[in-house]
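J.: The structure follows.
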Amino acid sequence: MIHLEICSGTTCYVMGGGALLLLAEELPADLAGRVLVTGSPCLELCRNQPGGRRAPFVKIDGRILSSATVESVIEALREALDED
Amino acid sequence: MDSRFLDIACSQIAKHGQRVYGDSFLSRKSPGGQHAVAVLSDGLGSGIKANVLSTLTSVMALKSVTEAVSPEHTAQLIFRSLPVCSERKINYATFSIVELKGMEKVHLVEYENPQALIFRQNTLFTAARCETVPARKDIGRGVMTTTCFDAQVGDRIIMVSDGVTQAGLGTRSFPLGWTLKAVRQFISGILTSDPDISSRDLAEKVTREGLKHDVYRAKDDISCSVTYIRHPRHLILVTGPPFHPEQDELFAMQVKNFNGPKIVCGGTTAMILSRQWAVSLKVDLSRRCSSLPPESQMEGAALVTEGILTLARVSEILCSGDSLWKQESDPAQKIVARLLDADRITLLVGTKINEAHQDPNLPQELDIRRNVMKRIARELKGRHLKDVELTYI
């Protein structure tokens with residue numbers, strides 16, 4: 001089981017993180033049951049990020065994904081599952 | 001008298017088809033609540049004319065009693081000066097004035113409104129009433145009643161307009177209207193099942209029931225006001241991290257030791273408290289709403305929400321008056337409901353600036369936290385008559 005943690009803090013939410021929260025209910029069939037989706041009040045990643053990494057942030061098994069979109073998160077989840 | 005608090009609220013429904021209330025309710029409390037006045041006036045008829053007449057009456061009564069003129073004298077002055085309907089020979093407005101001194105001495109004067117109901121806990125309290133017939137040659141009838149008594153903690157003074165007692169008039173279920181007796185039984189039932197119900201909720205239950213009896217088309221303006229003498233309900237709302245991180249521990253302890261429900265607004269704030277209190281913090285993804293980030297759950301806090309977006313929405317609801325908080329479906333509405341149920345509210349505002357919010361790509365609505373909290377405090381004090389303490393850390 002892969003752990004997807006979505007930041008629901010202010011910055012992430014207004015930068016598009018609100019749409020990511022839908023993943024809690026609407027994962028594609030190949031990912032459903034294989035990913036544990038949780039939210040975080042704030043991952044505390046939006047400040048002092050080097051290299052222009054921007055909100056919204058998610059963590060996949062602890063690895064940070066910045067500028068996250070539904071598509072990029074799904075792609076990263078599939079890659080993580082392939083690595084497993 | 002620190003242990004006493006006056007909870008005054010009114011609920012109103014306009015006659016079907018009218019845009020304004022024909023009844024008018026006004027109240028004023030001195031700082032600390034040592035002197036309070038509430039007035040409910042019912043203008044003859046409905047619509048704008050009734051609204052003007054009832055507003056005129058209630059403003060006169062409120063200002064007069066606030067300026068230390070006795071309610072009886074005020075009532076006589078109004079009675080003598082009100083215009084009279086040329087056909088029915090009655091005053092163009094009826095009214096009820098309640099004055100409370102020191103949160104104890106109650107002075108109630110009523111003119112032609114349904115008799116105010118006084119409840120002590122959940123039982124009807126009958127105080128001695130004195131009736132007078134004020135002299136005015138051009139008015140055919142009219143009785144003014146005066147009631148004085150010493151209030152106790154738990155007493156409620158409930159004033160209704162005749163739109164409540166006559167709700168459903170002529171229908172098969174209520175051929176004579178809802179009647180004051182049935183209204184009294186209805187309120188008694190509510191107070192038995194919910195002895196601590198707030199004035200706001202009780203007033204609203206009464207007007208909604210009246211509207212129901214009118215088959216959801218109010219035949220007259222329906223108003224109910226409740227003045228409730230109770231122990232104050234304390235609540236703290238905290239938002240934003242302290243300016244100096246070394247104050248986190250003190251901040252967390254201050255919040256933890258607060259005697260009352262705690263609302264936490266802000267992810268970072270919640271994370272600090274979660275760490276300091278050593279409790280888990282979980283976002284509840286099952287309770288998402290479309291316009292705001294979801295709320296979280298944390299042991300020791302009554303409500304945990306996102307910060308500035310939610311607070312901006314709270315401010316918007318509070319500034320908009322009484323119409324938007326009635327459904328508790330999103331986190332902001334839940335906060336508003338809790339704020340309005342409390343009497344003494346502490347707003348503890350962390351002053352650390354969130355650098356991430358200074359990004360020019362973010363919406364302008366991400367106002368400075370302090371400004372939003374000042375607006376909330378102003379509305380709670382001014383419009384909702386709450387005791388508010390705004391503290392920065």
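Here's how to read the names in the structure tokens: chain A, B, ... by the order shown, residue numbers from 1 in each chain, ligand numbers from 1 in the order shown.
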Name the residues in contact with Arg383 (chain B) at a cut-off of 9 Å, using only C-alpha atoms, excluding same-chain residues fewer than 2 positions from it; report them as a list in words.
T.: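 Final neighbour list, sorted by chain and number: Leu318, Cys319, Gly321, Arg378, Glu379, Leu380, Lys381, Leu385 and Lys386 of chain B.
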J.: Mind listing as a PyMOL selection string which residues of chain A are within 12 Å of chain B, counting only C-alpha atoms?
T.: chain A and resi 5-25+37-49+53-56
J.: Interatomic distance between CA of Met103 (chain B) and CA of Cys224 (chain B)?
T.: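 Calculated distance between CA of Met103 (chain B) and CA of Cys224 (chain B) is 20.7 Å.
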J.: Could you give me, as an NGL selection string, the residues within 6 Å of Arg156 (chain B), counting only C-alpha atoms and dropping anything in the same chain fewer than 2 positions from it?
T.: :B and (118-119 or 227-228)
J.: Let's have the selection written as a PDB file, in the first residue's frame, with C-alpha atoms.
T.:
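Writing done, so here's out_28.pdb:
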ATOM      1  CA  ILE B 118     -41.383  34.542  31.369  1.00  0.00           C
ATOM      2  CA  PHE B 119     -39.736  31.194  31.937  1.00  0.00           C
ATOM      3  CA  THR B 227     -33.775  37.691  26.529  1.00  0.00           C
ATOM      4  CA  TYR B 228     -31.942  35.011  28.491  1.00  0.00           C
TER       5      TYR B 228
END
J.: Between B:Leu250, B:Ser3, B:Asp221, B:Arg172, which one has atoms that come closest to Gly47 (chain B), using only C-alpha atoms?
T.: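 Smallest separation from Gly47 (chain B) among the options: B:Asp221.
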J.: I'd like the contact shell of Gly33 (chain B) - 9 Å cut-off, only C-alpha atoms, skipping same-chain residues fewer than 6 positions apart - returned as a ChimeraX atom specification.
T.: /B:4-6,100-103
J.: Would you write out those residues with C-alpha atoms, as a compact mmCIF listing (two decimals), in the first residue's frame?
T.:
# COMPACT_ATOMS: atom_id res chain seq x y z
CA ARG B 4 -24.27 36.62 34.65
CA PHE B 5 -24.60 37.26 30.96
CA LEU B 6 -27.47 38.57 28.88
CA LEU B 100 -32.88 45.03 32.81
CA LYS B 101 -30.82 46.80 35.42
CA GLY B 102 -27.81 45.10 36.90
CA MET B 103 -28.89 41.92 35.07
J.: Env of region 180-182 of chain B: 6 Å cut, atoms = only C-alpha atoms, seq-sep filter 2 positions within chain, self excluded. Answer as a list of chain:residue names.
T.: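 Using only C-alpha atoms, the neighbours found are B:Thr165, B:Arg184, B:Gln185.
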J.: Those residues you just picked out, can you put them in a file as a short mmCIF file (atom, residue, chain, number, x, y, z; two decimals), in the first residue's frame with N, CA and C atoms?
T.:
data_model
loop_
_atom_site.label_atom_id
_atom_site.label_comp_id
_atom_site.auth_asym_id
_atom_site.auth_seq_id
_atom_site.Cartn_x
_atom_site.Cartn_y
_atom_site.Cartn_z
N THR B 165 -48.77 34.19 17.59
CA THR B 165 -49.95 33.63 18.28
C THR B 165 -51.10 33.38 17.31
N ARG B 184 -46.77 28.79 24.47
CA ARG B 184 -46.15 28.56 25.78
C ARG B 184 -45.80 27.08 25.96
N GLN B 185 -46.74 26.21 25.58
CA GLN B 185 -46.49 24.77 25.70
C GLN B 185 -45.35 24.33 24.79
#
J.: Which residue, A:Leu65, A:Val58, A:Leu81, A:Ile2, has the smallest gap to Val35 (chain A) when you use only C-alpha atoms?
T.: A:Ile2
J.: For the helix (DSSP H, G or I) assignment from backbone DSSP, which residues of chain A qualify? Please present them as number ranges by chain.
T.: A: 10-24, 50-52, 70-83
J.: Just the residues within 6 Å of region 251-265 of chain B, please, counting only C-alpha atoms, with nothing from its chain fewer than 6 positions along; format it as a ChimeraX atom specification.
T.: /B:234-239,273,301-307
J.: Pick out the residues sitting within 12 Å of Pro28 (chain A), and hand them over as a list of chain:residue names; count only C-alpha atoms, and ignore anything fewer than 5 positions along from it in its own chain.
T.: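 My reading of the contact set: A:Leu22, A:Leu23, A:Gly33, A:Arg34, A:Val35, A:Val70, A:Glu71, A:Val73, A:Ile74, A:Glu75, A:Leu77, A:Arg78.
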J.: What does the distance from CA of Gly382 (chain B) to CA of Arg28 (chain B) come to in Å, to one decimal?
T.: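 A separation of 10.0 Å between them.
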J.: As an exercise, work out the distance from CA of Phe25 (chain B) to CA of His107 (chain B) in Å and give it to one decimal place.
T.: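 Spanning CA of Phe25 (chain B) to CA of His107 (chain B) is a straight-line distance of 17.1 Å.
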J.: Using backbone DSSP assignments, extract all strand (DSSP E or B) residues from chain A; output them as a PyMOL selection string.
T.: chain A and resi 2-7+35-40+58-60+63-65
